[in-house]
file entry04.cif (mmCIF, C-alpha atoms)
data_upload
loop_
_atom_site.label_atom_id
_atom_site.label_comp_id
_atom_site.auth_asym_id
_atom_site.auth_seq_id
_atom_site.Cartn_x
_atom_site.Cartn_y
_atom_site.Cartn_z
CA MET A 1 86.69 125.96 105.90
CA GLU A 2 87.01 126.80 109.57
CA ARG A 3 86.80 123.12 110.43
CA ARG A 4 89.58 122.28 108.01
CA LEU A 5 91.76 125.03 109.48
CA ARG A 6 91.13 123.74 113.00
CA ARG A 7 92.00 120.23 111.88
CA ALA A 8 95.27 121.42 110.33
CA GLN A 9 96.17 123.36 113.48
CA ASN A 10 95.44 120.39 115.71
CA GLU A 11 97.36 118.06 113.45
CA ALA A 12 100.38 120.35 113.68
CA LEU A 13 100.03 120.43 117.48
CA TYR A 14 99.79 116.66 117.57
CA GLU A 15 102.86 116.22 115.37
CA GLN A 16 104.83 118.57 117.57
CA HIS A 17 103.71 117.51 121.03
CA SER A 18 102.25 114.00 121.01
CA ARG A 19 105.44 112.34 122.21
CA GLY A 20 105.95 114.80 125.04
CA LEU A 21 102.29 114.67 125.98
CA ARG A 22 102.27 110.88 126.15
CA ALA A 23 105.40 110.89 128.31
CA TYR A 24 103.89 113.56 130.52
CA ALA A 25 100.61 111.67 130.85
CA CYS A 26 102.62 108.54 131.75
CA SER A 27 104.29 110.48 134.56
CA VAL A 28 100.88 111.57 135.85
CA ALA A 29 98.85 108.39 135.35
CA GLY A 30 101.63 105.79 135.74
CA SER A 31 100.07 103.73 132.99
CA PHE A 32 100.71 103.72 129.27
CA ALA A 33 97.13 102.87 128.35
CA ALA A 34 95.77 105.64 130.56
CA ALA A 35 98.27 108.09 129.11
CA GLU A 36 97.31 107.22 125.55
CA ASP A 37 93.63 107.48 126.39
CA ALA A 38 94.13 110.89 127.95
CA VAL A 39 96.01 112.27 124.94
CA HIS A 40 93.51 110.72 122.56
CA VAL A 41 90.53 112.17 124.42
CA VAL A 42 92.08 115.64 124.47
CA PHE A 43 92.79 115.69 120.73
CA GLU A 44 89.39 114.27 119.88
CA ARG A 45 87.74 117.01 121.89
CA LEU A 46 89.97 119.58 120.25
CA LEU A 47 89.01 118.27 116.82
CA HIS A 48 85.29 118.35 117.52
CA GLY A 49 85.38 121.73 119.21
CA GLY A 50 84.70 120.34 122.70
CA ILE A 51 87.54 122.42 124.12
CA GLU A 52 89.30 125.53 122.95
CA ILE A 53 92.90 126.34 123.78
CA SER A 54 93.33 130.04 124.27
CA GLY A 55 96.67 131.72 124.77
CA PRO A 56 99.99 129.95 124.27
CA PRO A 57 99.11 126.42 123.12
CA THR A 58 101.97 124.42 124.65
CA PRO A 59 101.43 125.01 128.40
CA ASN A 60 97.66 124.89 127.98
CA LEU A 61 97.87 121.63 126.11
CA TYR A 62 99.99 120.09 128.87
CA ARG A 63 97.57 121.35 131.48
CA VAL A 64 94.59 119.89 129.64
CA VAL A 65 96.36 116.52 129.27
CA HIS A 66 97.28 116.61 132.96
CA ASN A 67 93.62 117.04 133.89
CA ALA A 68 92.52 114.38 131.41
CA ALA A 69 95.03 111.90 132.87
CA LEU A 70 93.80 112.64 136.40
CA ASN A 71 90.19 112.21 135.30
CA HIS A 72 91.11 108.93 133.69
CA ILE A 73 92.71 107.68 136.89
CA ARG A 74 89.67 108.70 138.91
CA SER A 75 87.22 107.06 136.54
CA LYS A 76 89.18 103.84 136.26
CA ARG A 77 90.82 103.61 139.63
CA ARG A 78 90.51 99.86 139.79
CA GLU A 79 92.30 99.27 136.50
CA ALA A 80 94.91 101.92 137.28
CA GLU A 81 96.17 99.82 140.16
CA LEU A 82 97.52 97.37 137.60
CA THR A 83 100.07 99.66 136.00
CA ASP A 84 101.39 98.65 132.64
CA THR A 85 104.90 99.31 131.42
CA TRP A 86 105.38 102.48 129.48
CA LEU A 87 109.14 102.09 129.17
CA GLU A 88 110.73 99.79 126.64
CA SER A 89 113.89 98.19 127.93
CA PRO A 90 116.93 96.76 126.16
CA VAL A 91 116.97 92.96 125.97
CA GLY A 92 117.59 91.38 129.37
CA MET A 93 116.71 94.54 131.32
CA GLU A 94 112.94 94.07 131.57
CA GLN A 95 113.07 93.75 135.35
CA SER A 96 115.07 96.98 135.59
CA ALA A 97 112.41 98.80 133.57
CA LEU A 98 109.72 97.72 136.01
CA GLU A 99 111.84 98.76 138.99
CA LEU A 100 112.63 102.06 137.38
CA GLN A 101 108.93 102.76 136.92
CA SER A 102 108.32 101.79 140.50
CA ALA A 103 111.09 104.14 141.68
CA LEU A 104 109.68 106.93 139.51
CA ALA A 105 106.28 106.48 141.10
CA GLU A 106 107.85 107.27 144.49
CA LEU A 107 109.10 110.69 143.35
CA PRO A 108 107.15 113.91 143.90
CA GLN A 109 105.00 114.72 140.87
CA ASP A 110 106.82 117.95 139.94
CA GLN A 111 110.22 116.22 139.86
CA ARG A 112 108.91 113.13 138.09
CA GLU A 113 107.32 115.07 135.25
CA VAL A 114 110.50 117.07 134.58
CA ILE A 115 112.60 113.89 134.49
CA VAL A 116 110.18 112.11 132.18
CA LEU A 117 109.88 115.05 129.80
CA HIS A 118 113.63 115.70 129.72
CA ILE A 119 114.77 112.09 129.29
CA TRP A 120 111.97 110.23 127.51
CA ALA A 121 110.26 113.04 125.64
CA GLN A 122 113.73 114.37 124.76
CA MET A 123 112.77 117.95 125.56
CA SER A 124 115.27 120.62 126.54
CA PHE A 125 114.89 122.43 129.87
CA GLU A 126 113.57 125.45 127.97
CA GLU A 127 110.88 123.32 126.34
CA VAL A 128 109.99 121.67 129.64
CA ALA A 129 109.81 125.09 131.29
CA SER A 130 107.53 126.38 128.54
CA ALA A 131 105.23 123.36 128.79
CA LEU A 132 104.94 123.45 132.58
CA GLU A 133 105.00 127.25 132.90
CA ILE A 134 108.05 127.32 135.14
CA SER A 135 111.45 128.91 134.62
CA PRO A 136 114.22 126.90 132.92
CA ASN A 137 116.29 127.15 136.12
CA THR A 138 113.44 125.65 138.15
CA ALA A 139 113.12 122.85 135.60
CA ALA A 140 116.86 122.14 135.80
CA SER A 141 116.93 122.14 139.60
CA ARG A 142 113.86 119.91 139.86
CA TYR A 143 115.61 117.57 137.47
CA ARG A 144 118.79 117.47 139.54
CA TYR A 145 117.00 116.81 142.82
CA GLY A 146 114.70 114.32 141.23
CA LEU A 147 117.52 112.42 139.57
CA SER A 148 119.44 112.10 142.86
CA LYS A 149 116.32 110.75 144.58
CA LEU A 150 115.55 108.44 141.71
CA ARG A 151 119.05 107.01 141.77
CA ALA A 152 118.75 106.33 145.49
CA GLN A 153 115.29 104.78 145.05
CA PHE A 154 116.43 102.69 142.13
CA ALA A 155 119.54 101.44 143.99
CA SER A 156 117.30 100.19 146.79
CA GLN A 157 115.28 97.98 144.42
CA PRO A 158 115.81 94.20 145.02
CA SER A 159 117.63 93.30 141.82
CA GLN A 160 119.83 96.42 141.98
CA ARG A 161 120.93 95.59 145.53
CA GLN A 162 121.98 92.12 144.43
CA SER A 163 124.10 93.44 141.53
CA MET B 1 125.32 117.89 137.37
CA ASN B 2 127.73 115.65 139.20
CA ASP B 3 129.31 112.60 137.55
CA GLN B 4 127.08 110.09 139.29
CA ASN B 5 123.95 111.85 138.08
CA GLU B 6 125.38 112.12 134.57
CA ASP B 7 126.11 108.40 134.50
CA PHE B 8 122.64 107.68 135.79
CA ASP B 9 121.14 110.02 133.17
CA ASN B 10 122.95 108.02 130.45
CA TYR B 11 121.76 104.78 132.00
CA LEU B 12 118.14 105.99 131.96
CA ARG B 13 118.39 106.92 128.28
CA GLN B 14 118.82 103.25 127.42
CA PHE B 15 115.14 102.87 128.16
CA ARG B 16 112.68 104.26 125.65
CA LEU B 17 109.16 105.51 125.81
CA ARG B 18 106.83 102.93 124.35
CA PRO B 19 105.78 103.87 120.83
CA ALA B 20 102.23 105.02 120.24
CA SER B 21 99.72 102.35 119.38
CA MET B 22 97.97 102.17 116.04
CA ARG B 23 95.12 104.44 117.00
CA VAL B 24 94.96 107.02 114.25
CA LEU B 25 93.64 110.49 114.95
CA PHE B 26 94.89 112.07 111.75
CA PRO B 27 94.98 109.61 108.85
CA ARG B 28 97.97 109.95 106.56
CA PRO B 29 97.43 110.86 102.89
CA ALA B 30 98.35 107.29 101.91
CA ASN B 31 95.56 106.01 104.11
CA ARG B 32 93.11 108.48 102.64
CA PHE B 33 94.08 107.41 99.14
CA ARG B 34 93.66 103.74 100.07
CA ARG B 35 90.25 104.46 101.56
CA TRP B 36 89.09 106.16 98.34
CA TRP B 37 90.50 103.35 96.28
CA ILE B 38 88.67 100.71 98.31
CA SER B 39 85.38 102.59 98.26
CA GLY B 40 85.72 103.11 94.48
CA ILE B 41 86.20 99.40 93.86
CA THR B 42 83.26 98.58 96.13
CA ALA B 43 81.02 101.05 94.30
CA ALA B 44 82.03 99.62 90.93
CA ILE B 45 81.25 96.06 92.05
CA ALA B 46 77.89 97.16 93.42
CA ALA B 47 77.04 98.99 90.20
CA ALA B 48 78.00 95.95 88.11
CA ALA B 49 75.82 93.73 90.29
CA VAL B 50 72.84 96.08 89.93
CA ILE B 51 73.26 96.26 86.12
CA ALA B 52 73.51 92.48 85.91
CA MET B 53 70.36 92.11 88.00
CA ILE B 54 68.42 94.54 85.80
CA GLU B 55 69.53 92.76 82.65
CA THR B 56 68.52 89.39 84.06
CA ARG B 57 65.08 90.73 84.94
CA THR B 58 64.46 91.96 81.40
CA THR B 59 65.54 88.71 79.71
CA ILE B 60 63.84 86.16 81.94
CA PRO B 61 60.19 86.68 80.70
CA ALA B 62 61.19 86.23 77.03
CA VAL B 63 62.86 82.93 77.78
CA GLU B 64 60.53 81.42 80.29
CA LYS B 65 57.13 82.56 79.03
CA PRO B 66 57.05 82.38 75.24
CA ARG B 67 53.84 83.69 73.79
CA PRO B 68 51.70 81.23 71.84
CA PRO B 69 52.09 81.56 68.09
CA ALA B 70 49.61 83.88 66.43
CA ALA B 71 48.40 81.24 63.94
CA SER B 72 46.89 79.08 66.62
CA VAL B 73 44.62 81.86 67.75
CA PRO B 74 41.30 81.67 65.86
CA ALA B 75 40.28 84.79 64.00
CA THR B 76 36.74 84.69 65.26
CA PRO B 77 35.80 83.99 68.79
CA SER B 78 35.15 80.36 69.15
CA VAL B 79 31.56 79.46 69.52
CA SER B 80 31.00 77.39 72.46
CA PRO B 81 29.85 73.97 71.42
CA PRO B 82 26.12 74.03 71.02
CA VAL B 83 24.28 72.64 73.79
CA ALA B 84 23.25 69.28 72.62
CA ALA B 85 19.64 69.19 71.90
CA PRO B 86 17.92 67.17 74.39
CA SER B 87 17.41 63.76 73.03
CA PRO B 88 13.86 62.57 72.85
CA VAL B 89 14.73 59.69 74.99
CA ARG B 90 16.09 61.73 77.80
CA GLU B 91 13.78 64.65 77.57
CA PRO B 92 10.59 63.67 75.86
CA ALA B 93 8.83 66.83 76.74
CA PRO B 94 10.46 70.20 77.02
CA LYS B 95 10.16 71.86 80.24
CA PRO B 96 8.01 74.93 80.16
CA SER B 97 10.56 77.00 81.98
CA ARG B 98 13.27 76.60 79.32
CA SER B 99 13.73 79.26 76.74
CA ARG B 100 14.71 76.83 74.03
CA ALA B 101 11.10 75.85 73.41
CA PRO B 102 10.98 75.45 69.61
CA GLU B 103 13.65 72.74 69.45
CA PRO B 104 11.46 69.78 70.39
CA GLN B 105 9.23 70.49 67.45
CA THR B 106 11.94 69.51 64.99
CA ILE B 107 12.77 66.35 66.81
CA VAL B 108 9.51 64.87 67.75
CA PRO B 109 7.98 63.18 64.69
CA GLN B 110 4.49 64.24 63.76
CA PRO B 111 1.90 61.59 63.06
CA GLN B 112 0.92 61.33 59.36
CA ASN B 113 -2.61 61.04 58.08
#
call {"tool": "encode", "arguments": {"input": "entry04.cif", "output": "structure tokens"}}
result
Amino acid sequence: MERRLRRAQNEALYEQHSRGLRAYACSVAGSFAAAEDAVHVVFERLLHGGIEISGPPTPNLYRVVHNAALNHIRSKRREAELTDTWLESPVGMEQSALELQSALAELPQDQREVIVLHIWAQMSFEEVASALEISPNTAASRYRYGLSKLRAQFASQPSQRQS
Amino acid sequence: MNDQNEDFDNYLRQFRLRPASMRVLFPRPANRFRRWWISGITAAIAAAAVIAMIETRTTIPAVEKPRPPAASVPATPSVSPPVAAPSPVREPAPKPSRSRAPEPQTIVPQPQN
């Protein structure tokens, strides 16, 4: 009975947060495969009682995924050097997607994660703030600074300079 | 947010996060139903195979090993053919060790007076 309840709770958490968690893990690990692995490992451990989330689930879940993504990078450092694309681009913009990922990797972690969660996980600043345990104003300002830097980084990429 | 950042924000939204792969943590009800359906069919096939095997085992002895008809079996135990009495030619004198001692008396002719 308890197991079924736990499963239902975790399924609801997964339904609600899996997209945001994958995006967040991508911003940490820089690799789609690593991000998926991290999210998968966390939910498997949650299902089998390997970890318990106490307190508000959202920020704790993001923290656990953050740690899992870091552990994944450490354990597979060699593979992590070959980053895979975690952004899907419109037709003809594949190169831009790669350059965008490269520019994102140059940003500070706290700005990168806010940008990724706000744009690609489609979370509001309030949701981002709740997940990362920061204030909505901090989330919005990190986003603004990060976006300006990203635009500058992206403009300096080879194909963007040509066009 | 200034206009340049807003334009750039719109530009970034053209890109999408890659969809999740097919790894399934929580199977959908349709998947569960399909799994039960497949295991039910498998169990039925296995049961049919076992029943067929049992039936084959029970019928094979009747077909392959028919019992001999009862009439051919003699009512009394067959007497083994009597040991041929030793012919006088071959055995003129019975050996003392044999138990069938009286037989030579009937065979050997007695001299008449």
call {"tool": "resolve_selection", "arguments": {"input": "entry04.cif", "expression": "the PyMOL selection byres ((chain B) within 6 of (chain A))", "output": "PDB file with C-alpha atoms, keeping the file's coordinate frame"}}
result
ATOM      1  CA  PHE B  15     115.140 102.870 128.160  1.00  0.00           C
ATOM      2  CA  ARG B  16     112.680 104.260 125.650  1.00  0.00           C
ATOM      3  CA  LEU B  17     109.160 105.510 125.810  1.00  0.00           C
ATOM      4  CA  ARG B  18     106.830 102.930 124.350  1.00  0.00           C
TER       5      ARG B  18
END
call {"tool": "axis_aligned_box", "arguments": {"input": "entry04.cif", "around": "segment 25-41 of chain A", "padding_each_side": "4 Å", "output": "AutoDock Vina command-line options"}}
result
--center_x 97.4 --center_y 107.6 --center_z 129.2 --size_x 21.8 --size_y 17.4 --size_z 21.3
call {"tool": "residues_near_point", "arguments": {"input": "entry04.cif", "point": "(93.9, 110.4, 136.7)", "cutoff": "12 Å", "atoms": "all atoms listed in the file", "output": "JSON, numbers by chain"}}
result
{"A": [25, 26, 27, 28, 29, 30, 31, 33, 34, 35, 37, 38, 64, 65, 66, 67, 68, 69, 70, 71, 72, 73, 74, 75, 76, 77, 78, 79, 80, 81]}
call {"tool": "residues_around", "arguments": {"input": "entry04.cif", "residues": "Leu132 of chain A", "least_positions_apart": "3", "cutoff": "8 Å", "atoms": "all atoms listed in the file", "output": "NGL selection string"}}
result
:A and (59 or 62-63 or 128-129)
call {"tool": "residues_near_point", "arguments": {"input": "entry04.cif", "point": "(116.2, 126.2, 131.8)", "cutoff": "7 Å", "atoms": "all atoms listed in the file", "output": "PyMOL selection string"}}
result
chain A and resi 125-126+129+135-140
call {"tool": "closest_residue", "arguments": {"input": "entry04.cif", "among": "A:Gly50, A:Val41, A:Phe154, A:Leu13", "to": "Tyr11 of chain B", "atoms": "all atoms listed in the file"}}
result
A:Phe154
